[in-house]
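Structure first, then comments.
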Amino acid sequence: MAEAKIDIYFLVFSSILLFFAFIFSLIYFFNYYRKKQRKNFLEKEALTIKFKEELLNTRLEIQEQTMKNISQEIHDNIGQVLSLAKLNLSTTDVNKTENAQQKVDQSKDLVAKAIQDLRDLSKSLNTDYVQDMGLPRSIEYELEIIKKTGTFETRFELSGIVYKIGQQKELILFRIVQELLNNIIKHTRAAQITVMLYYQPSLFSMMVEDDGEGFDVMELQKNKAGLGIKNMQNRAQLLGAEFIVSSVIGKGTTAQINLPIPK
C-alpha cells in the first residue's frame with residue numbers, strides 16, 4: 001500500500017516536473033524566436049538604410065557627373081554656336097545689303113540651332129521626361145540627337161515585350177547609357193553606335209556597342225581613367241545588375257548590363 005502511494009507521488013511529481021519543463025521550454029523557444037525575429041528585423045532595416053544611403057550617394061554622384069556634362073556641352077557646343085552668331089552679327093556691314101542679309105540669316109540659323117540644342121539638353125536631364133517617355137524611347141531619343149550631329153551613325157534595337165523595371169532603376173540605367181554614349185563621343189573615334197535592349201521574362205539586358213579604337217580593359221582599370229567604368233559597375237551592382245565591358249583594340253567596345261527580373 002505504501003509502495004503504491006510512493007509510486008503515485010512519484011508519478012505526480014514527475015508529471016509536475018515534466019509540465020514545468022514543458023512550460024519553460026515553451027517560454028525559452030518563444031523568447032528565442034522573438035529575439036531571432038527582432039534580429040532579422042534589425043538586419044533587414046539596416047540593409048534598407050544602407051541601400052537608401054548607397055542610392056542617395058549614387059544619385060549625388062550622377063548629379064555631379066551630369067553637371068560636368070552640362071557645363072562641357074554648353075561650353076563646347078552651344079557656347080561656340082552662339083559665339084559664331086555673335087561674330088557674324090558684329091562683322092556685318094550694314095552698307096552691303098546682300099552680305100548683311102546673308103550674315104543675319106546665318107546668325108538666325110545658328111541661334112535656332114542653339115535653342116534646339118538647349119531643348120534637347122533639357123529633355124535629357126529632366127527625370128520626369130525620362131519616366132514619362134520610358135527607358136527605350138529615352139535612349140532612342142539620345143541616339144537621334146547624336147545622329148543629328150552628322151558625326152555618327154546610330155542604331156537602336158528592341159527585343160521582347162517592354163515592361164516597367166521601376167522609376168529609380170530605369171533612371172539609373174538611363175544615366176549609365178548617357179555616360180557610355182558620352183565616353184564614346186569623347187574618346188573612341190567611332191563611326192557607328194548601337195544600343196540594344198532585350199526584355200525577357202526573367203532578365204533585362206542592355207548592350208551599348210561602338211566600332212571605335214577600343215582599349216585594354218585591364219590596363220584602363222589600373223589608372224584613374226578607369227574610374228568611370230568602376231562607377232558604372234557600382235551603380236549596376238546597386239540595382240542588382242551585372243556590368244561587363246569588353247573591348248578589342250582596333251575593333252571597338254561593348255558594354256553590357258544584365259538585370260535579373262523577379263517573378
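Residue numbering restarts at 1 for every chain of the C-alpha cells, chains are lettered A, B, ... in their displayed order, and ligands are numbered from 1 as they appear.
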Problem set entry | Residues near region 154-168 of chain A, cut-off 6 Å, only C-alpha atoms, skip fewer than 6 positions along chain, as a VMD selection string | chain A and resid 192 to 199
Convert the current residue selection to file output with C-alpha atoms, as an mmCIF file, in the first residue's frame.
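Listed below is the output, out_7.cif:
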```cif
data_model
loop_
_atom_site.group_PDB
_atom_site.id
_atom_site.type_symbol
_atom_site.label_atom_id
_atom_site.label_comp_id
_atom_site.auth_asym_id
_atom_site.auth_seq_id
_atom_site.Cartn_x
_atom_site.Cartn_y
_atom_site.Cartn_z
ATOM 1 C CA GLN A 192 28.781 53.641 -85.552
ATOM 2 C CA ILE A 193 26.973 53.441 -82.200
ATOM 3 C CA THR A 194 24.457 50.685 -81.451
ATOM 4 C CA VAL A 195 22.213 50.269 -78.408
ATOM 5 C CA MET A 196 20.227 47.049 -77.932
ATOM 6 C CA LEU A 197 17.577 46.339 -75.290
ATOM 7 C CA TYR A 198 16.386 42.801 -74.585
ATOM 8 C CA TYR A 199 13.250 42.321 -72.474
#
```
Seminar exercise, completed: As a check of understanding: the span from CA of Ser202 (chain A) to CA of Gln131 (chain A) is 21.9 Å
For this session: Just the residues within 10 Å of region 171-182 of chain A, please, counting only C-alpha atoms, with nothing from its chain fewer than 2 positions along; format it as number ranges by chain.
Result: A: 55, 58-59, 62-63, 65-66, 69, 124-125, 127-128, 130-131, 134-136, 138-139, 142-143, 146, 165-169, 184-188, 193-195, 206-210, 228-229, 231-233, 235-236, 238-239, 241, 254-255, 257
For this session: For Gly250 (chain A), list every protein, DNA or RNA residue within 9 Å, evaluated using only C-alpha atoms, and leave out those in the same chain fewer than 3 positions away; present the list as a PyMOL selection string.
Result: chain A and resi 211-215+247
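Computed from the coordinates, the CA of Glu170 (chain A) to CA of Phe243 (chain A) distance equals 15.0 Å.
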Problem set entry | Long-range neighbours of Ser83 (chain A) as an MDAnalysis selection string, 10 Å cut-off, only C-alpha atoms, 6 positions minimum in chain | chainID A and resid 77 89 107 110:111
For this session: Mind checking which residues fall within 12 Å of Lys108 (chain A), counting only C-alpha atoms, ignoring those fewer than 4 positions away in the same chain, and posting them as JSON, numbers by chain?
Result: {"A": [81, 82, 84, 85, 86, 88, 89, 101, 102, 103, 104, 112, 113, 114, 115]}
Put those residues in a file: C-alpha atoms, as a short mmCIF file (atom, residue, chain, number, x, y, z; two decimals), in the first residue's frame.
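Listing of selection-v4.cif after writing:
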```cif
data_model
loop_
_atom_site.label_atom_id
_atom_site.label_comp_id
_atom_site.auth_asym_id
_atom_site.auth_seq_id
_atom_site.Cartn_x
_atom_site.Cartn_y
_atom_site.Cartn_z
CA VAL A 81 27.38 78.29 -81.81
CA LEU A 82 26.32 81.48 -80.02
CA LEU A 84 29.78 82.30 -84.02
CA ALA A 85 26.37 84.01 -84.26
CA LYS A 86 27.76 86.97 -82.31
CA ASN A 88 28.55 87.09 -87.65
CA LEU A 89 26.46 89.97 -86.37
CA GLN A 101 21.20 89.80 -95.11
CA GLN A 102 23.25 86.64 -95.64
CA LYS A 103 25.02 87.05 -92.29
CA VAL A 104 21.76 87.80 -90.48
CA ALA A 112 17.83 78.41 -83.76
CA LYS A 113 20.34 75.55 -83.50
CA ALA A 114 21.47 76.74 -80.06
CA ILE A 115 17.84 76.89 -78.88
#
```
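Interatomic distance, CA of Asn183 (chain A) to CA of Phe152 (chain A): 13.4 Å.
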For this session: Pull the strand (DSSP E) assignments for region 109-182 of chain A out of DSSP run on the backbone, and list those residues as a PyMOL selection string.
Result: chain A and resi 153-159
